Amino acid sequence: QVQLVESGGGLVQAGGSLRLSCVARGTLFGLYAMGWYRQSPGKQRESVARITTDGSTNYADSVKGRFTISRDNAKNTVYLEMNSLKPEDTAVYYCNADAYLGNYWGRGTQVTVSS
């Protein structure tokens with residue numbers, strides 16, 4: 001069983017920064033592509049950023065140049081560095097682990113950006 005635990009969310013003013021972390025427990029972390037998704041009220045969950053097992057990354061157009069995803073396989077952790085935050089970034093952010101072994105989600109962490 002894989003457990004993903006997110007942390008680092010909170011309330012920040014527009015233009016500010018936050019760093020989200022997601023620790024994976026009970027898995028061979030290096031075998032999983034990791035991603036961050038977000039969902040705001042009344043909207044579908046959307047992909048924000050993804051990092052493959054070899055470190056390749058891709059981003060949603062809305063966050064390119066502002067967000068950076070990274071991973072530390074020694075710590076079983078994936079990060080999302082978020083800069084120049086906007087009110088429209090307000091959402092619950094979820095961590096995802098994906099591999100032939102399975103697909104898993106964390107419970108999410110709330111990010112609120114005030115104007």
# chains A, B, ... in the order shown; residues from 1 in each chain; ligands from 1
>>> residues_around(residues="Thr53 (chain A)", least_positions_apart="3", cutoff="8 Å", atoms="only C-alpha atoms", output="ChimeraX atom specification")
/A:30-34,56
>>> write_last_selection(atoms="N, CA and C atoms", output="PDB file, in the first residue's frame")
ATOM      1  N   GLY A  30      11.341   5.587  -6.615  1.00  0.00           N
ATOM      2  CA  GLY A  30      12.026   5.875  -7.864  1.00  0.00           C
ATOM      3  C   GLY A  30      11.355   5.281  -9.090  1.00  0.00           C
ATOM      4  N   LEU A  31      10.421   4.366  -8.907  1.00  0.00           N
ATOM      5  CA  LEU A  31       9.743   3.741 -10.037  1.00  0.00           C
ATOM      6  C   LEU A  31       8.512   4.523 -10.481  1.00  0.00           C
ATOM      7  N   TYR A  32       8.144   5.541  -9.712  1.00  0.00           N
ATOM      8  CA  TYR A  32       6.901   6.259  -9.973  1.00  0.00           C
ATOM      9  C   TYR A  32       7.151   7.611 -10.621  1.00  0.00           C
ATOM     10  N   ALA A  33       6.348   7.914 -11.646  1.00  0.00           N
ATOM     11  CA  ALA A  33       6.218   9.297 -12.081  1.00  0.00           C
ATOM     12  C   ALA A  33       5.364  10.006 -11.046  1.00  0.00           C
ATOM     13  N   MET A  34       5.747  11.223 -10.700  1.00  0.00           N
ATOM     14  CA  MET A  34       5.043  11.963  -9.653  1.00  0.00           C
ATOM     15  C   MET A  34       4.423  13.230 -10.239  1.00  0.00           C
ATOM     16  N   SER A  56      12.386  14.219 -16.193  1.00  0.00           N
ATOM     17  CA  SER A  56      11.748  15.097 -17.172  1.00  0.00           C
ATOM     18  C   SER A  56      10.497  15.711 -16.569  1.00  0.00           C
TER      19      SER A  56
END
>>> select_by_dssp(residues="chain A", states="strand (DSSP E or B)", output="PDB file with N, CA and C atoms, in the first residue's frame")
ATOM      1  N   GLN A   3       1.266   5.290   0.549  1.00  0.00           N
ATOM      2  CA  GLN A   3       0.668   6.435   1.217  1.00  0.00           C
ATOM      3  C   GLN A   3       1.419   7.697   0.808  1.00  0.00           C
ATOM      4  N   LEU A   4       0.667   8.703   0.364  1.00  0.00           N
ATOM      5  CA  LEU A   4       1.240   9.983  -0.017  1.00  0.00           C
ATOM      6  C   LEU A   4       0.747  11.037   0.963  1.00  0.00           C
ATOM      7  N   VAL A   5       1.673  11.793   1.529  1.00  0.00           N
ATOM      8  CA  VAL A   5       1.318  12.800   2.522  1.00  0.00           C
ATOM      9  C   VAL A   5       1.846  14.148   2.075  1.00  0.00           C
ATOM     10  N   GLU A   6       0.919  15.071   1.790  1.00  0.00           N
ATOM     11  CA  GLU A   6       1.288  16.409   1.359  1.00  0.00           C
ATOM     12  C   GLU A   6       1.399  17.342   2.555  1.00  0.00           C
ATOM     13  N   SER A   7       2.226  18.363   2.381  1.00  0.00           N
ATOM     14  CA  SER A   7       2.351  19.421   3.392  1.00  0.00           C
ATOM     15  C   SER A   7       2.821  20.690   2.707  1.00  0.00           C
ATOM     16  N   GLY A  10      -1.087  26.655   2.660  1.00  0.00           N
ATOM     17  CA  GLY A  10      -1.385  27.729   3.595  1.00  0.00           C
ATOM     18  C   GLY A  10      -1.980  28.920   2.895  1.00  0.00           C
ATOM     19  N   LEU A  11      -2.018  30.033   3.627  1.00  0.00           N
ATOM     20  CA  LEU A  11      -2.548  31.291   3.117  1.00  0.00           C
ATOM     21  C   LEU A  11      -1.387  32.213   2.783  1.00  0.00           C
ATOM     22  N   VAL A  12      -1.411  32.772   1.593  1.00  0.00           N
ATOM     23  CA  VAL A  12      -0.344  33.668   1.155  1.00  0.00           C
ATOM     24  C   VAL A  12      -0.943  34.791   0.321  1.00  0.00           C
ATOM     25  N   GLN A  13      -0.302  35.940   0.340  1.00  0.00           N
ATOM     26  CA  GLN A  13      -0.768  37.052  -0.469  1.00  0.00           C
ATOM     27  C   GLN A  13      -0.333  36.869  -1.928  1.00  0.00           C
ATOM     28  N   LEU A  18       5.130  29.642  -1.999  1.00  0.00           N
ATOM     29  CA  LEU A  18       4.963  28.500  -1.120  1.00  0.00           C
ATOM     30  C   LEU A  18       5.709  27.317  -1.719  1.00  0.00           C
ATOM     31  N   ARG A  19       6.123  26.403  -0.850  1.00  0.00           N
ATOM     32  CA  ARG A  19       6.704  25.154  -1.333  1.00  0.00           C
ATOM     33  C   ARG A  19       5.919  23.989  -0.748  1.00  0.00           C
ATOM     34  N   LEU A  20       5.348  23.205  -1.621  1.00  0.00           N
ATOM     35  CA  LEU A  20       4.631  22.006  -1.207  1.00  0.00           C
ATOM     36  C   LEU A  20       5.573  20.808  -1.229  1.00  0.00           C
ATOM     37  N   SER A  21       5.347  19.894  -0.300  1.00  0.00           N
ATOM     38  CA  SER A  21       6.109  18.649  -0.244  1.00  0.00           C
ATOM     39  C   SER A  21       5.142  17.476  -0.218  1.00  0.00           C
ATOM     40  N   CYS A  22       5.582  16.373  -0.758  1.00  0.00           N
ATOM     41  CA  CYS A  22       4.792  15.144  -0.725  1.00  0.00           C
ATOM     42  C   CYS A  22       5.746  13.989  -0.452  1.00  0.00           C
ATOM     43  N   VAL A  23       5.538  13.350   0.680  1.00  0.00           N
ATOM     44  CA  VAL A  23       6.359  12.199   1.061  1.00  0.00           C
ATOM     45  C   VAL A  23       5.603  10.925   0.719  1.00  0.00           C
ATOM     46  N   ALA A  24       6.291  10.014   0.043  1.00  0.00           N
ATOM     47  CA  ALA A  24       5.692   8.728  -0.320  1.00  0.00           C
ATOM     48  C   ALA A  24       6.196   7.650   0.626  1.00  0.00           C
ATOM     49  N   ARG A  25       5.280   6.904   1.193  1.00  0.00           N
ATOM     50  CA  ARG A  25       5.627   5.836   2.133  1.00  0.00           C
ATOM     51  C   ARG A  25       5.138   4.500   1.596  1.00  0.00           C
ATOM     52  N   ALA A  33       6.348   7.914 -11.646  1.00  0.00           N
ATOM     53  CA  ALA A  33       6.218   9.297 -12.081  1.00  0.00           C
ATOM     54  C   ALA A  33       5.364  10.006 -11.046  1.00  0.00           C
ATOM     55  N   MET A  34       5.747  11.223 -10.700  1.00  0.00           N
ATOM     56  CA  MET A  34       5.043  11.963  -9.653  1.00  0.00           C
ATOM     57  C   MET A  34       4.423  13.230 -10.239  1.00  0.00           C
ATOM     58  N   GLY A  35       3.272  13.573  -9.711  1.00  0.00           N
ATOM     59  CA  GLY A  35       2.606  14.757 -10.226  1.00  0.00           C
ATOM     60  C   GLY A  35       1.890  15.529  -9.151  1.00  0.00           C
ATOM     61  N   TRP A  36       1.651  16.771  -9.442  1.00  0.00           N
ATOM     62  CA  TRP A  36       0.812  17.640  -8.609  1.00  0.00           C
ATOM     63  C   TRP A  36      -0.410  18.039  -9.422  1.00  0.00           C
ATOM     64  N   TYR A  37      -1.560  17.918  -8.790  1.00  0.00           N
ATOM     65  CA  TYR A  37      -2.836  18.303  -9.366  1.00  0.00           C
ATOM     66  C   TYR A  37      -3.495  19.292  -8.412  1.00  0.00           C
ATOM     67  N   ARG A  38      -4.491  20.007  -8.912  1.00  0.00           N
ATOM     68  CA  ARG A  38      -5.243  20.900  -8.045  1.00  0.00           C
ATOM     69  C   ARG A  38      -6.711  20.913  -8.424  1.00  0.00           C
ATOM     70  N   GLN A  39      -7.515  21.239  -7.439  1.00  0.00           N
ATOM     71  CA  GLN A  39      -8.957  21.317  -7.656  1.00  0.00           C
ATOM     72  C   GLN A  39      -9.525  22.442  -6.817  1.00  0.00           C
ATOM     73  N   GLU A  46      -7.274  19.327 -12.067  1.00  0.00           N
ATOM     74  CA  GLU A  46      -6.429  19.549 -13.230  1.00  0.00           C
ATOM     75  C   GLU A  46      -4.972  19.279 -12.896  1.00  0.00           C
ATOM     76  N   SER A  47      -4.229  18.869 -13.912  1.00  0.00           N
ATOM     77  CA  SER A  47      -2.812  18.630 -13.743  1.00  0.00           C
ATOM     78  C   SER A  47      -2.070  19.950 -13.665  1.00  0.00           C
ATOM     79  N   VAL A  48      -1.146  20.050 -12.728  1.00  0.00           N
ATOM     80  CA  VAL A  48      -0.332  21.248 -12.567  1.00  0.00           C
ATOM     81  C   VAL A  48       1.080  21.002 -13.084  1.00  0.00           C
ATOM     82  N   ALA A  49       1.693  19.929 -12.618  1.00  0.00           N
ATOM     83  CA  ALA A  49       3.074  19.630 -12.994  1.00  0.00           C
ATOM     84  C   ALA A  49       3.320  18.144 -12.812  1.00  0.00           C
ATOM     85  N   ARG A  50       4.282  17.636 -13.593  1.00  0.00           N
ATOM     86  CA  ARG A  50       4.590  16.221 -13.529  1.00  0.00           C
ATOM     87  C   ARG A  50       6.082  16.035 -13.731  1.00  0.00           C
ATOM     88  N   ILE A  51       6.639  15.028 -13.032  1.00  0.00           N
ATOM     89  CA  ILE A  51       8.057  14.706 -13.193  1.00  0.00           C
ATOM     90  C   ILE A  51       8.188  13.199 -13.333  1.00  0.00           C
ATOM     91  N   THR A  57      10.258  16.967 -16.900  1.00  0.00           N
ATOM     92  CA  THR A  57       9.132  17.682 -16.305  1.00  0.00           C
ATOM     93  C   THR A  57       8.214  18.258 -17.370  1.00  0.00           C
ATOM     94  N   ASN A  58       6.963  18.439 -16.998  1.00  0.00           N
ATOM     95  CA  ASN A  58       6.055  19.228 -17.815  1.00  0.00           C
ATOM     96  C   ASN A  58       5.078  19.952 -16.901  1.00  0.00           C
ATOM     97  N   TYR A  59       4.540  21.047 -17.421  1.00  0.00           N
ATOM     98  CA  TYR A  59       3.721  21.951 -16.625  1.00  0.00           C
ATOM     99  C   TYR A  59       2.466  22.385 -17.382  1.00  0.00           C
ATOM    100  N   PHE A  67       6.006  27.930 -11.412  1.00  0.00           N
ATOM    101  CA  PHE A  67       6.078  26.734 -10.558  1.00  0.00           C
ATOM    102  C   PHE A  67       7.214  25.838 -11.028  1.00  0.00           C
ATOM    103  N   THR A  68       7.830  25.158 -10.071  1.00  0.00           N
ATOM    104  CA  THR A  68       8.878  24.195 -10.386  1.00  0.00           C
ATOM    105  C   THR A  68       8.657  22.913  -9.598  1.00  0.00           C
ATOM    106  N   ILE A  69       8.617  21.793 -10.305  1.00  0.00           N
ATOM    107  CA  ILE A  69       8.496  20.494  -9.654  1.00  0.00           C
ATOM    108  C   ILE A  69       9.875  19.845  -9.603  1.00  0.00           C
ATOM    109  N   SER A  70      10.149  19.167  -8.502  1.00  0.00           N
ATOM    110  CA  SER A  70      11.414  18.459  -8.358  1.00  0.00           C
ATOM    111  C   SER A  70      11.191  17.247  -7.468  1.00  0.00           C
ATOM    112  N   ARG A  71      12.172  16.348  -7.479  1.00  0.00           N
ATOM    113  CA  ARG A  71      12.043  15.156  -6.655  1.00  0.00           C
ATOM    114  C   ARG A  71      13.388  14.801  -6.037  1.00  0.00           C
ATOM    115  N   ASP A  72      13.319  14.226  -4.847  1.00  0.00           N
ATOM    116  CA  ASP A  72      14.498  13.740  -4.151  1.00  0.00           C
ATOM    117  C   ASP A  72      14.243  12.265  -3.854  1.00  0.00           C
ATOM    118  N   THR A  77      10.531  12.006  -1.758  1.00  0.00           N
ATOM    119  CA  THR A  77       9.769  13.241  -1.681  1.00  0.00           C
ATOM    120  C   THR A  77       9.752  13.958  -3.031  1.00  0.00           C
ATOM    121  N   VAL A  78       8.588  14.510  -3.340  1.00  0.00           N
ATOM    122  CA  VAL A  78       8.445  15.386  -4.498  1.00  0.00           C
ATOM    123  C   VAL A  78       8.019  16.758  -3.987  1.00  0.00           C
ATOM    124  N   TYR A  79       8.529  17.790  -4.643  1.00  0.00           N
ATOM    125  CA  TYR A  79       8.267  19.169  -4.224  1.00  0.00           C
ATOM    126  C   TYR A  79       7.572  19.943  -5.340  1.00  0.00           C
ATOM    127  N   LEU A  80       6.857  20.983  -4.928  1.00  0.00           N
ATOM    128  CA  LEU A  80       6.331  21.946  -5.883  1.00  0.00           C
ATOM    129  C   LEU A  80       6.626  23.330  -5.336  1.00  0.00           C
ATOM    130  N   GLU A  81       7.575  23.988  -5.974  1.00  0.00           N
ATOM    131  CA  GLU A  81       7.917  25.366  -5.615  1.00  0.00           C
ATOM    132  C   GLU A  81       7.005  26.285  -6.402  1.00  0.00           C
ATOM    133  N   MET A  82       6.260  27.124  -5.689  1.00  0.00           N
ATOM    134  CA  MET A  82       5.282  27.992  -6.330  1.00  0.00           C
ATOM    135  C   MET A  82       5.643  29.442  -6.044  1.00  0.00           C
ATOM    136  N   ALA A  91      -6.607  26.592  -4.451  1.00  0.00           N
ATOM    137  CA  ALA A  91      -7.153  25.251  -4.708  1.00  0.00           C
ATOM    138  C   ALA A  91      -6.626  24.295  -3.642  1.00  0.00           C
ATOM    139  N   VAL A  92      -7.175  23.101  -3.644  1.00  0.00           N
ATOM    140  CA  VAL A  92      -6.561  22.001  -2.910  1.00  0.00           C
ATOM    141  C   VAL A  92      -5.588  21.317  -3.870  1.00  0.00           C
ATOM    142  N   TYR A  93      -4.360  21.174  -3.420  1.00  0.00           N
ATOM    143  CA  TYR A  93      -3.320  20.577  -4.241  1.00  0.00           C
ATOM    144  C   TYR A  93      -3.095  19.132  -3.808  1.00  0.00           C
ATOM    145  N   TYR A  94      -3.100  18.247  -4.790  1.00  0.00           N
ATOM    146  CA  TYR A  94      -2.967  16.819  -4.538  1.00  0.00           C
ATOM    147  C   TYR A  94      -1.691  16.274  -5.176  1.00  0.00           C
ATOM    148  N   CYS A  95      -1.078  15.363  -4.478  1.00  0.00           N
ATOM    149  CA  CYS A  95       0.085  14.641  -4.983  1.00  0.00           C
ATOM    150  C   CYS A  95      -0.389  13.328  -5.599  1.00  0.00           C
ATOM    151  N   ASN A  96       0.256  12.937  -6.685  1.00  0.00           N
ATOM    152  CA  ASN A  96      -0.099  11.697  -7.378  1.00  0.00           C
ATOM    153  C   ASN A  96       1.156  10.907  -7.704  1.00  0.00           C
ATOM    154  N   ALA A  97       1.071   9.606  -7.531  1.00  0.00           N
ATOM    155  CA  ALA A  97       2.152   8.695  -7.909  1.00  0.00           C
ATOM    156  C   ALA A  97       1.601   7.710  -8.932  1.00  0.00           C
ATOM    157  N   ASP A  98       2.314   7.560 -10.030  1.00  0.00           N
ATOM    158  CA  ASP A  98       1.791   6.745 -11.122  1.00  0.00           C
ATOM    159  C   ASP A  98       2.878   5.834 -11.687  1.00  0.00           C
ATOM    160  N   ALA A  99       2.553   4.540 -11.788  1.00  0.00           N
ATOM    161  CA  ALA A  99       3.469   3.568 -12.376  1.00  0.00           C
ATOM    162  C   ALA A  99       2.674   2.320 -12.725  1.00  0.00           C
ATOM    163  N   GLY A 102       0.754   0.856  -9.939  1.00  0.00           N
ATOM    164  CA  GLY A 102      -0.493   1.411  -9.435  1.00  0.00           C
ATOM    165  C   GLY A 102      -0.522   2.913  -9.548  1.00  0.00           C
ATOM    166  N   ASN A 103      -1.658   3.506  -9.201  1.00  0.00           N
ATOM    167  CA  ASN A 103      -1.841   4.953  -9.224  1.00  0.00           C
ATOM    168  C   ASN A 103      -2.421   5.367  -7.883  1.00  0.00           C
ATOM    169  N   TYR A 104      -1.775   6.339  -7.241  1.00  0.00           N
ATOM    170  CA  TYR A 104      -2.149   6.693  -5.872  1.00  0.00           C
ATOM    171  C   TYR A 104      -2.259   8.200  -5.715  1.00  0.00           C
ATOM    172  N   TRP A 105      -3.124   8.600  -4.768  1.00  0.00           N
ATOM    173  CA  TRP A 105      -3.356  10.010  -4.476  1.00  0.00           C
ATOM    174  C   TRP A 105      -3.155  10.293  -2.998  1.00  0.00           C
ATOM    175  N   THR A 109      -3.586  19.311   0.131  1.00  0.00           N
ATOM    176  CA  THR A 109      -3.243  20.414   1.024  1.00  0.00           C
ATOM    177  C   THR A 109      -3.803  21.695   0.418  1.00  0.00           C
ATOM    178  N   GLN A 110      -4.420  22.509   1.263  1.00  0.00           N
ATOM    179  CA  GLN A 110      -5.099  23.713   0.786  1.00  0.00           C
ATOM    180  C   GLN A 110      -4.094  24.848   0.569  1.00  0.00           C
ATOM    181  N   VAL A 111      -4.205  25.472  -0.587  1.00  0.00           N
ATOM    182  CA  VAL A 111      -3.443  26.689  -0.890  1.00  0.00           C
ATOM    183  C   VAL A 111      -4.449  27.803  -1.159  1.00  0.00           C
ATOM    184  N   THR A 112      -4.326  28.879  -0.414  1.00  0.00           N
ATOM    185  CA  THR A 112      -5.208  30.023  -0.593  1.00  0.00           C
ATOM    186  C   THR A 112      -4.377  31.265  -0.849  1.00  0.00           C
ATOM    187  N   VAL A 113      -4.653  31.936  -1.964  1.00  0.00           N
ATOM    188  CA  VAL A 113      -3.916  33.136  -2.342  1.00  0.00           C
ATOM    189  C   VAL A 113      -4.873  34.317  -2.275  1.00  0.00           C
ATOM    190  N   SER A 114      -4.585  35.257  -1.398  1.00  0.00           N
ATOM    191  CA  SER A 114      -5.435  36.424  -1.237  1.00  0.00           C
ATOM    192  C   SER A 114      -4.961  37.552  -2.146  1.00  0.00           C
TER     193      SER A 114
END
>>> select_by_dssp(residues="chain A", states="helix (DSSP H, G or I)", output="short mmCIF file (atom, residue, chain, number, x, y, z; two decimals) with all heavy atoms, in the first residue's frame")
data_model
loop_
_atom_site.label_atom_id
_atom_site.label_comp_id
_atom_site.auth_asym_id
_atom_site.auth_seq_id
_atom_site.Cartn_x
_atom_site.Cartn_y
_atom_site.Cartn_z
N PHE A 29 9.85 4.46 -4.52
CA PHE A 29 9.55 5.80 -5.01
C PHE A 29 10.14 6.06 -6.39
O PHE A 29 9.50 6.67 -7.25
CB PHE A 29 10.08 6.81 -4.00
CG PHE A 29 9.83 8.25 -4.37
CD1 PHE A 29 8.56 8.80 -4.21
CD2 PHE A 29 10.85 9.05 -4.85
CE1 PHE A 29 8.32 10.13 -4.53
CE2 PHE A 29 10.62 10.36 -5.18
CZ PHE A 29 9.36 10.91 -5.01
N GLY A 30 11.34 5.59 -6.61
CA GLY A 30 12.03 5.88 -7.86
C GLY A 30 11.35 5.28 -9.09
O GLY A 30 11.67 5.68 -10.21
N LEU A 31 10.42 4.37 -8.91
CA LEU A 31 9.74 3.74 -10.04
C LEU A 31 8.51 4.52 -10.48
O LEU A 31 7.91 4.18 -11.51
CB LEU A 31 9.33 2.31 -9.68
CG LEU A 31 10.46 1.34 -9.35
CD1 LEU A 31 9.89 -0.04 -9.04
CD2 LEU A 31 11.46 1.26 -10.48
N ASN A 73 14.80 11.39 -4.67
CA ASN A 73 14.51 9.96 -4.52
C ASN A 73 15.07 9.41 -3.21
O ASN A 73 14.53 8.45 -2.67
CB ASN A 73 15.07 9.19 -5.70
CG ASN A 73 14.29 9.44 -6.98
OD1 ASN A 73 13.19 9.99 -6.96
ND2 ASN A 73 14.86 9.05 -8.11
N ALA A 74 16.14 10.01 -2.72
CA ALA A 74 16.71 9.54 -1.45
C ALA A 74 15.77 9.81 -0.28
O ALA A 74 15.82 9.11 0.74
CB ALA A 74 18.06 10.20 -1.20
N LYS A 75 14.92 10.82 -0.43
CA LYS A 75 13.98 11.19 0.64
C LYS A 75 12.55 10.78 0.32
O LYS A 75 11.63 11.13 1.07
CB LYS A 75 14.04 12.70 0.89
CG LYS A 75 15.38 13.18 1.42
CD LYS A 75 15.35 14.68 1.71
CE LYS A 75 16.68 15.14 2.28
NZ LYS A 75 16.68 16.60 2.58
N PRO A 87 -4.39 34.79 -7.16
CA PRO A 87 -5.62 34.30 -6.53
C PRO A 87 -6.20 33.08 -7.25
O PRO A 87 -6.79 32.20 -6.59
CB PRO A 87 -6.55 35.51 -6.62
CG PRO A 87 -5.62 36.68 -6.58
CD PRO A 87 -4.42 36.25 -7.37
N GLU A 88 -6.03 33.01 -8.55
CA GLU A 88 -6.57 31.87 -9.30
C GLU A 88 -5.80 30.58 -9.05
O GLU A 88 -6.23 29.51 -9.52
CB GLU A 88 -6.63 32.17 -10.80
CG GLU A 88 -5.34 32.69 -11.40
CD GLU A 88 -5.32 34.21 -11.49
OE1 GLU A 88 -5.73 34.89 -10.51
OE2 GLU A 88 -4.87 34.73 -12.53
N ASP A 89 -4.70 30.64 -8.33
CA ASP A 89 -3.99 29.43 -7.93
C ASP A 89 -4.61 28.80 -6.69
O ASP A 89 -4.21 27.70 -6.28
CB ASP A 89 -2.52 29.74 -7.64
CG ASP A 89 -1.75 30.17 -8.88
OD1 ASP A 89 -1.96 29.58 -9.95
OD2 ASP A 89 -0.94 31.11 -8.76
#
>>> decode(residues="region 63-78 of chain A", atoms="N, CA, C and O atoms", output="compact mmCIF listing (two decimals), in the first residue's frame")
# COMPACT_ATOMS: atom_id res chain seq x y z
N VAL A 63 0.89 27.71 -15.23
CA VAL A 63 1.89 27.82 -14.16
C VAL A 63 3.32 27.85 -14.70
O VAL A 63 4.27 28.01 -13.91
N LYS A 64 3.50 27.71 -16.00
CA LYS A 64 4.85 27.71 -16.58
C LYS A 64 5.58 28.99 -16.22
O LYS A 64 5.02 30.09 -16.32
N GLY A 65 6.83 28.84 -15.81
CA GLY A 65 7.63 29.99 -15.44
C GLY A 65 7.43 30.44 -14.01
O GLY A 65 8.20 31.27 -13.50
N ARG A 66 6.42 29.92 -13.33
CA ARG A 66 6.16 30.30 -11.93
C ARG A 66 6.34 29.13 -10.97
O ARG A 66 6.77 29.31 -9.83
N PHE A 67 6.01 27.93 -11.41
CA PHE A 67 6.08 26.73 -10.56
C PHE A 67 7.21 25.84 -11.03
O PHE A 67 7.50 25.75 -12.23
N THR A 68 7.83 25.16 -10.07
CA THR A 68 8.88 24.20 -10.39
C THR A 68 8.66 22.91 -9.60
O THR A 68 8.53 22.96 -8.36
N ILE A 69 8.62 21.79 -10.30
CA ILE A 69 8.50 20.49 -9.65
C ILE A 69 9.88 19.85 -9.60
O ILE A 69 10.67 19.96 -10.54
N SER A 70 10.15 19.17 -8.50
CA SER A 70 11.41 18.46 -8.36
C SER A 70 11.19 17.25 -7.47
O SER A 70 10.17 17.14 -6.79
N ARG A 71 12.17 16.35 -7.48
CA ARG A 71 12.04 15.16 -6.65
C ARG A 71 13.39 14.80 -6.04
O ARG A 71 14.44 15.07 -6.63
N ASP A 72 13.32 14.23 -4.85
CA ASP A 72 14.50 13.74 -4.15
C ASP A 72 14.24 12.26 -3.85
O ASP A 72 13.52 11.94 -2.90
N ASN A 73 14.80 11.39 -4.67
CA ASN A 73 14.51 9.96 -4.52
C ASN A 73 15.07 9.41 -3.21
O ASN A 73 14.53 8.45 -2.67
N ALA A 74 16.14 10.01 -2.72
CA ALA A 74 16.71 9.54 -1.45
C ALA A 74 15.77 9.81 -0.28
O ALA A 74 15.82 9.11 0.74
N LYS A 75 14.92 10.82 -0.43
CA LYS A 75 13.98 11.19 0.64
C LYS A 75 12.55 10.78 0.32
O LYS A 75 11.63 11.13 1.07
N ASN A 76 12.35 10.10 -0.81
CA ASN A 76 11.00 9.70 -1.22
C ASN A 76 10.05 10.89 -1.26
O ASN A 76 8.88 10.79 -0.84
N THR A 77 10.53 12.01 -1.76
CA THR A 77 9.77 13.24 -1.68
C THR A 77 9.75 13.96 -3.03
O THR A 77 10.76 14.01 -3.73
N VAL A 78 8.59 14.51 -3.34
CA VAL A 78 8.44 15.39 -4.50
C VAL A 78 8.02 16.76 -3.99
O VAL A 78 7.26 16.86 -3.01
